[in-house]
Structures are given as C-alpha cells and as structure tokens.
Amino acid sequence: MSTSTTASVSTHILDTSVGRPAEGVAVHLSSRGGRDADWQALGASATDADGRCKDLPDLPEGTTHVRLDFAVESYFEKKQADAQQDAPANRDSGAVFFPEVAITFAVNPGEHYHVPLLLNPFGYSVYRGS
C-alpha cells in the first residue's frame, strides 16, 4: 500500500495466445531516484496461477522510475515442451522471439501503478491499469 511519500507497483501477465494467465514467469523489480541515478534491484517474484505477482516489495521513498523485467523465455520454453509432449507433430524451431521484456515507467509519490503485460510468442503490449 502506498503512502503519501512512496508509490507502489503491481503487475499481472495474460498470455493472449491461449487467453489464460501466464503462470511461473519470473519478475524482477528495480527502481531509481532520478533519470541519471543507478538502478537498484528491489526484489523478485514469480507469477502465480492467476498470472499475478502479489509479493513485489514496496518502492523506496524518492523513487522516480521503476523497471519491471519479465523473464518470459523459460515460460514459453516450458509451454512449448508441454505442447510438444501432447502433439509431437507440431514442433517448430523452438526459438523464443522475445526472451525477456523490460518495462520502464515514471512514478509519482502516493500513487499505485498496476502494469499488466499482454503476452504472446511474437509480441507484447503493456498499459497502466487500475
């Protein structure tokens, strides 16, 4: 929960190729206190069965920029391996086009930022949710 001097962040991932939440995606949270400041790693989590990270750490006071790094390569590799096990004739090259997705955004104290990731094997989209 944010206070008047900090901001908070939440996220979730929907795999639009199957219309379901993306479970087990590692998410790393970093922040910095100004455009020229160094990034500080704050913590990591993984998406649950609902595609949500419910345990991202609070942002430190003075945070102006946030970065969410989503490690999607292993999610798609596992998904592809599961699909190949069920339908070996449908194998493809195994290449993951976007092995990771990094989203950087500015924040203001006292506000909550929900940043959903809409994901598929060949593209992604993000937006500020509510």
# chains A, B, ... in the order shown; residues from 1 in each chain; ligands from 1
>>> residues_around(residues="stretch 13-26 of chain A", least_positions_apart="6", cutoff="10 Å", atoms="only C-alpha atoms", output="ChimeraX atom specification")
/A:44-53,69-76,78-79,100,115-124,126
>>> write_last_selection(atoms="N, CA and C atoms", output="JSON list (two decimals), in the first residue's frame")
[["chain", "number", "residue", "atom", "x", "y", "z"],
["A", 44, "ALA", "N", 12.41, -9.78, -6.35],
["A", 44, "ALA", "CA", 11.88, -10.58, -7.45],
["A", 44, "ALA", "C", 10.71, -11.40, -6.95],
["A", 45, "SER", "N", 9.93, -11.86, -7.89],
["A", 45, "SER", "CA", 8.79, -12.70, -7.60],
["A", 45, "SER", "C", 8.55, -13.56, -8.84],
["A", 46, "ALA", "N", 7.49, -14.32, -8.81],
["A", 46, "ALA", "CA", 7.05, -15.09, -9.98],
["A", 46, "ALA", "C", 5.53, -15.04, -10.02],
["A", 47, "THR", "N", 4.98, -15.07, -11.21],
["A", 47, "THR", "CA", 3.53, -15.01, -11.33],
["A", 47, "THR", "C", 2.89, -16.29, -10.81],
["A", 48, "ASP", "N", 1.74, -16.13, -10.18],
["A", 48, "ASP", "CA", 1.01, -17.26, -9.64],
["A", 48, "ASP", "C", 0.05, -17.82, -10.71],
["A", 49, "ALA", "N", -0.82, -18.73, -10.31],
["A", 49, "ALA", "CA", -1.75, -19.36, -11.26],
["A", 49, "ALA", "C", -2.69, -18.36, -11.91],
["A", 50, "ASP", "N", -2.87, -17.20, -11.27],
["A", 50, "ASP", "CA", -3.71, -16.14, -11.83],
["A", 50, "ASP", "C", -2.88, -15.13, -12.63],
["A", 51, "GLY", "N", -1.58, -15.41, -12.81],
["A", 51, "GLY", "CA", -0.70, -14.52, -13.56],
["A", 51, "GLY", "C", -0.25, -13.29, -12.80],
["A", 52, "ARG", "N", -0.48, -13.27, -11.49],
["A", 52, "ARG", "CA", -0.19, -12.09, -10.68],
["A", 52, "ARG", "C", 1.03, -12.28, -9.79],
["A", 53, "CYS", "N", 1.73, -11.17, -9.54],
["A", 53, "CYS", "CA", 2.80, -11.11, -8.54],
["A", 53, "CYS", "C", 2.22, -10.37, -7.35],
["A", 69, "ASP", "N", 11.26, -6.31, -15.06],
["A", 69, "ASP", "CA", 11.88, -7.23, -16.02],
["A", 69, "ASP", "C", 11.17, -8.57, -15.93],
["A", 70, "PHE", "N", 10.58, -8.99, -17.03],
["A", 70, "PHE", "CA", 9.84, -10.25, -17.11],
["A", 70, "PHE", "C", 10.69, -11.27, -17.88],
["A", 71, "ALA", "N", 11.03, -12.38, -17.26],
["A", 71, "ALA", "CA", 11.83, -13.43, -17.90],
["A", 71, "ALA", "C", 10.87, -14.41, -18.57],
["A", 72, "VAL", "N", 10.47, -14.13, -19.80],
["A", 72, "VAL", "CA", 9.42, -14.92, -20.46],
["A", 72, "VAL", "C", 9.95, -16.11, -21.24],
["A", 73, "GLU", "N", 11.25, -16.17, -21.49],
["A", 73, "GLU", "CA", 11.80, -17.26, -22.30],
["A", 73, "GLU", "C", 11.50, -18.63, -21.69],
["A", 74, "SER", "N", 11.77, -18.80, -20.40],
["A", 74, "SER", "CA", 11.54, -20.11, -19.80],
["A", 74, "SER", "C", 10.05, -20.47, -19.77],
["A", 75, "TYR", "N", 9.18, -19.46, -19.64],
["A", 75, "TYR", "CA", 7.73, -19.71, -19.68],
["A", 75, "TYR", "C", 7.35, -20.30, -21.03],
["A", 76, "PHE", "N", 7.82, -19.68, -22.13],
["A", 76, "PHE", "CA", 7.46, -20.18, -23.45],
["A", 76, "PHE", "C", 8.14, -21.51, -23.76],
["A", 78, "LYS", "N", 8.82, -23.87, -21.57],
["A", 78, "LYS", "CA", 8.03, -24.88, -20.85],
["A", 78, "LYS", "C", 6.70, -25.13, -21.55],
["A", 79, "LYS", "N", 6.06, -24.05, -21.96],
["A", 79, "LYS", "CA", 4.77, -24.16, -22.65],
["A", 79, "LYS", "C", 4.94, -24.96, -23.94],
["A", 100, "GLU", "N", 13.02, -11.81, -23.04],
["A", 100, "GLU", "CA", 12.68, -11.04, -21.85],
["A", 100, "GLU", "C", 11.99, -9.75, -22.27],
["A", 115, "VAL", "N", 0.64, -2.52, -13.77],
["A", 115, "VAL", "CA", 1.19, -2.59, -15.12],
["A", 115, "VAL", "C", 0.99, -4.00, -15.66],
["A", 116, "PRO", "N", -0.13, -4.25, -16.35],
["A", 116, "PRO", "CA", -0.36, -5.56, -16.94],
["A", 116, "PRO", "C", 0.46, -5.77, -18.21],
["A", 117, "LEU", "N", 0.89, -7.01, -18.41],
["A", 117, "LEU", "CA", 1.61, -7.40, -19.62],
["A", 117, "LEU", "C", 0.74, -8.37, -20.39],
["A", 118, "LEU", "N", 0.39, -8.01, -21.62],
["A", 118, "LEU", "CA", -0.33, -8.90, -22.52],
["A", 118, "LEU", "C", 0.73, -9.51, -23.42],
["A", 119, "LEU", "N", 0.83, -10.83, -23.39],
["A", 119, "LEU", "CA", 1.98, -11.53, -23.96],
["A", 119, "LEU", "C", 1.55, -12.60, -24.94],
["A", 120, "ASN", "N", 2.32, -12.74, -26.02],
["A", 120, "ASN", "CA", 2.18, -13.89, -26.91],
["A", 120, "ASN", "C", 3.57, -14.21, -27.44],
["A", 121, "PRO", "N", 3.75, -15.31, -28.14],
["A", 121, "PRO", "CA", 5.11, -15.70, -28.55],
["A", 121, "PRO", "C", 5.84, -14.70, -29.45],
["A", 122, "PHE", "N", 5.10, -13.81, -30.11],
["A", 122, "PHE", "CA", 5.75, -12.92, -31.07],
["A", 122, "PHE", "C", 5.49, -11.45, -30.82],
["A", 123, "GLY", "N", 4.96, -11.12, -29.65],
["A", 123, "GLY", "CA", 4.72, -9.72, -29.36],
["A", 123, "GLY", "C", 4.19, -9.55, -27.94],
["A", 124, "TYR", "N", 4.12, -8.30, -27.53],
["A", 124, "TYR", "CA", 3.59, -7.99, -26.22],
["A", 124, "TYR", "C", 3.07, -6.56, -26.21],
["A", 126, "VAL", "N", 1.76, -3.47, -23.12],
["A", 126, "VAL", "CA", 1.59, -3.10, -21.71],
["A", 126, "VAL", "C", 0.76, -1.84, -21.65]]
>>> closest_residue(among="A:Pro109, A:Pro57, A:Pro99, A:Gly129", to="A:Gly33", atoms="only C-alpha atoms")
A:Pro109
>>> select_by_dssp(residues="stretch 26-125 of chain A", states="helix (DSSP H, G or I)", output="ChimeraX atom specification")
/A:73-86,88-90
>>> atom_distance(atom1="atom CA of A:Phe98", atom2="atom CA of A:Gly34")
27.9 Å
>>> closest_residue(among="A:Arg35, A:Val9, A:Ile103, A:Gly43", to="A:Thr64", atoms="only C-alpha atoms")
A:Arg35
>>> closest_residue(among="A:Asp55, A:Glu61, A:Glu77, A:Asp36", to="A:Val96", atoms="only C-alpha atoms")
A:Glu77
>>> atom_distance(atom1="atom CA of A:Thr6", atom2="atom CA of A:Ser125")
26.2 Å
>>> closest_residue(among="A:Thr5, A:Gln80, A:Ser130, A:Thr104", to="A:Leu29", atoms="only C-alpha atoms")
A:Thr104
>>> closest_residue(among="A:Leu59, A:His112, A:Phe105, A:Trp39", to="A:Tyr127", atoms="only C-alpha atoms")
A:Phe105
>>> residues_around(residues="A:Pro60", least_positions_apart="2", cutoff="9 Å", atoms="only C-alpha atoms", output="PyMOL selection string")
chain A and resi 5-7+31-33+42+58+62-63
>>> write_last_selection(atoms="N, CA, C and O atoms", output="compact mmCIF listing (two decimals), in the first residue's frame")
# COMPACT_ATOMS: atom_id res chain seq x y z
N THR A 5 4.41 9.49 0.54
CA THR A 5 5.78 9.72 0.10
C THR A 5 6.33 8.58 -0.76
O THR A 5 7.47 8.65 -1.20
N THR A 6 5.56 7.54 -0.98
CA THR A 6 6.03 6.43 -1.80
C THR A 6 4.97 6.06 -2.83
O THR A 6 3.80 6.42 -2.71
N ALA A 7 5.39 5.29 -3.81
CA ALA A 7 4.48 4.74 -4.81
C ALA A 7 4.52 3.23 -4.67
O ALA A 7 5.44 2.68 -4.06
N SER A 31 14.37 0.08 -9.13
CA SER A 31 13.95 1.48 -9.08
C SER A 31 15.17 2.38 -9.10
O SER A 31 16.29 1.94 -8.87
N ARG A 32 14.91 3.64 -9.36
CA ARG A 32 15.95 4.65 -9.25
C ARG A 32 15.31 5.96 -8.84
O ARG A 32 14.12 6.18 -9.06
N GLY A 33 16.10 6.83 -8.26
CA GLY A 33 15.61 8.10 -7.75
C GLY A 33 16.02 9.26 -8.62
O GLY A 33 16.52 10.26 -8.12
N LEU A 42 15.27 -4.26 -6.26
CA LEU A 42 14.46 -4.26 -5.05
C LEU A 42 14.00 -5.66 -4.66
O LEU A 42 13.72 -5.91 -3.50
N ASP A 58 7.74 -2.97 -1.61
CA ASP A 58 7.39 -1.55 -1.69
C ASP A 58 8.54 -0.78 -2.32
O ASP A 58 9.70 -1.16 -2.22
N GLY A 62 11.46 8.45 -2.60
CA GLY A 62 12.30 9.12 -3.57
C GLY A 62 12.37 8.44 -4.92
O GLY A 62 13.04 8.91 -5.84
N THR A 63 11.67 7.33 -5.10
CA THR A 63 11.66 6.62 -6.39
C THR A 63 10.97 7.48 -7.44
O THR A 63 9.87 7.99 -7.21
